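Colleague: Here you go, one structure.
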Amino acid sequence: MQPVDTLLLGPLVLTMDAEERILETGAVAVRDGVIVAVGTRADLEGVTAAETIDAAGKLLMPGLVNVHTHLGDSLFRSLVEELPLEAWLERLWISEREFVSRESVELGARLSMAEMIRGGTTCALDMFWFPEAAADAALGAGFRLVTGPIFFDFDGPDGLAVERRIAAGERWLERYAAEPLITPCVQPHNALTVSPEGLRAARDLADRAGALFHTHCSETATEVRQTTERFGHTPVAHLDELGTLDDHTVLAHCVHLVDDDFARLRRSGAAVLHNPLSNLKLGSGIAPVARLLEEGIPVAIGTDGPVSSNDLDMWTAMRFAGLLQRGVHMDPMLTPAREVVRMATTVGAEALGLGEQVGRLAEGYRADLILIDLARPHLMPMYDVYGHLVYTVGRDDVRSVMVDGRWVMRDRTLETIDEATVLAEMEQLAAEIEHHAARLEPA
Ligand SMILES: [Zn+2]
C-alpha cells in the first residue's frame with residue numbers, strides 16, 4: 001500500500017459498515033481525507049504513514065451526525081425558560097431581532113461547533129438566520145455542515161423581505177455549491193410561518209439546486225390544530241399535498257402523527273429528525289419513534305437548538321431516544337441500542353444525503369471519525385459495545401475527533417477553533433443580551 005497520512009493502530013473499531021463489523025484490535029488508514037483501509041492491526045501494521053497513532057484501549061467509530069439544530073441559538077442558551085413552544089418562540093424572537101447579526105451568528109456557530117467537536121459530533125444540520133455565517137464558521141473550523149437559506153413570511157433580523165428570499169437563496173446555494181464541507185439545504189421554518197406558496201417556492205428552489213428540503217413538522221399539538229384549522233390538513237398531509245415530501249425531505253420532530261401521516265411518510269421516503277430532549281423540555285410530547293421504525297420510516301437523531309434542549313450533546317439525545325420508547329410502551333425490547341447508534345451515524349448521514357460519504361468507517365468514505373477513551377471507571381467492563389455507547393458513554397469520553405481527514409480535536413485540545421477567544425467574546429455579548437432581557441421583564 002502507498003504511504004498514508006494517518007494510521008490508527010489497535011483500537012476497537014466499530015465500523016458501522018454494511019456488515020456492521022466490529023474489529024477487536026483494528027486499524028484504519030486515512031489518505032487525502034479519505035479512509036483507504038479498514039482492517040486488523042496485523043493487516044495494516046506495515047503501512048508507512050506520516051503519522052501513526054497508537055490507539056490501543058480506545059474505541060474508534062464514525063463521528064456522530066446531529067440532524068437538527070440551530071447553532072446560532074447558543075447566543076441565547078437558557079435565556080427563555082418555562083414556556084410552551086409558541087410563547088417561547090415569541091419571546092426568543094424579541095432577543096433574536098435585537099442581537100442576531102452576521103457577526104453574532106458566526107460567533108454563536110463557532111461556540112456551538114466547539115461544543116459539538118468536544119462531544120464527538122462531526123456533522124450537523126443547522127437552520128438559522130445568516131446561514132453564510134455558520135457555513136463560514138464551519139469552513140474555518142473544518143466542520144461538516146448541512147445548511148442553507150431559511151424562509152419565513154416575515155422580514156427577519158437579516159433584513160430580507162420575503163419576496164427577495166428566493167433570489168437571495170439562489171445566490172447562496174451557488175456560492176457554497178463547490179465547498180466539500182458544506183452540503184446545501186433549503187429550509188422553510190414550518191407550515192404556519194410559511195405560506196403554501198412560500199413552501200412550494202422553497203421546494204422548487206431546493207429541486208433546482210439539488211438540495212435537501214428541511215422543515216419543522218408536527219412539533220406540538222397546537223401546531224397540528226392550527227394547521228388543520230387553516231388548511232384542512234395535518235402538517236404532514238399539508239406538506240404532502242403541496243408536493244414537498246420525497247426522499248430529499250427531512251422533517252424535524254413529527255411528534256403528533258395520525259395514521260394517515262404515517263402512510264404519507266412511508267410513501268414519500270422522507271426522514272424524521274427526532275429531538276427527544278427538546279420535545280420533552282418544551283412539553284411538546286414524545287414522538288412515536290417505535291412505530292416509525294416499525295413502519296420502516298427513517299428516524300435520525302438531533303439535539304435541536306441550544307435554547308430548547310439546552311446543549312448539543314448527542315450522547316444524551318441518543319440515551320433519551322433509546323429510553324423513551326421503552327418507558328412509554330413498557331417494552332424493553334424497543335429501540336435496540338444498535339438501532340440507536342445507527343440513527344446517530346449511518347441513518348443520520350443517509351437522511352442528509354451523505355450516506356455514501358460519511359456515517360461509516362469503510363473504504364472510500366470521508367474520514368469523519370472519533371476516538372473514545374475506554375480506560376475510565378464508568379466504562380469498565382464493556383460486554384456490549386452498542387449498549388455502552390447509548391447508555392454509558394458521555395461526551396467527555398471523546399478524546400480525539402477527525403473531520404474529512406483533519407484532526408479538529410486531539411487529546412481534548414481543539415485544533416481549529418480558538419476556544420479561549422470564542423468564550424471571551426461570548427461572555428461579553430451575553431452580558432449585553434442579559435441586560436437587554438432584564439429591561440423586558442415587567443417590574
Ligand atoms: Zn428546530
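Ligands are numbered from 1 in the order shown, chains are lettered A, B, ... in the order of the C-alpha cells, and residues start at 1 in each chain.
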Excluding Glu19 in chain A and residues on its chain fewer than 4 positions from it, collect all residues at most 12 Å away from it, counting only C-alpha atoms, and give them as a list in words.

Modeller: Leu14, Thr15, Leu23, Arg360, Leu361 and Ala362 of chain A

Colleague: Hey, which residues come within 7 Å of ligand 1 if we count only C-alpha atoms and all ligand atoms? Could you give them as a list in words?

Modeller: His68, Thr69, His70, His216, Ala252, Asp304 and Gly305 of chain A

Colleague: For range 249-275 of chain A versus range 106-126 of chain A, which residues have an atom no more than 12 Å away, and what is each residue's nearest atom pair and distance in Å rounded to one decimal, using only C-alpha atoms, chain-then-number order, as a Markdown table?

Modeller:
| residue | atom | partner | partner_atom | distance |
| --- | --- | --- | --- | --- |
| A:Val250 | CA | A:Leu125 | CA | 10.2 |
| A:Leu251 | CA | A:Leu125 | CA | 11.7 |
| A:Ala252 | CA | A:Leu125 | CA | 10.6 |
| A:Leu273 | CA | A:Leu125 | CA | 10.2 |

Colleague: When distances are computed from only C-alpha atoms, which of A:Arg439, A:Lys58, A:Arg31, A:Arg326 shows the smallest separation from Ile370 in chain A?

Modeller: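 Nearest to Ile370 in chain A: A:Lys58.
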
Colleague: Write out as a list of chain:residue names the residues lying within 7 Å of Val28 in chain A, counting only C-alpha atoms and excluding same-chain residues fewer than 6 positions away.

Modeller: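 Selected residues are A:Leu7, A:Leu8, A:Leu9, A:Ala37, A:Val38, A:Gly39.
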
Colleague: Output C-alpha atoms for every residue in that selection, as a compact mmCIF listing (two decimals), in the first residue's frame.

Modeller:
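Output contents, as saved in part-v4.txt:
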# COMPACT_ATOMS: atom_id res chain seq x y z
CA LEU A 7 -2.65 5.35 10.55
CA LEU A 8 -4.67 4.48 13.65
CA LEU A 9 -3.43 1.22 15.16
CA ALA A 37 -8.16 0.86 4.52
CA VAL A 38 -10.02 -0.69 7.45
CA GLY A 39 -8.64 -3.92 8.85

Colleague: Could you list, as a ChimeraX atom specification, every residue within 8 Å of range 307-311 of chain A, counting only C-alpha atoms and ignoring same-chain residues fewer than 4 positions away?

Modeller: /A:73-74,76-80,277-278,281-282,303
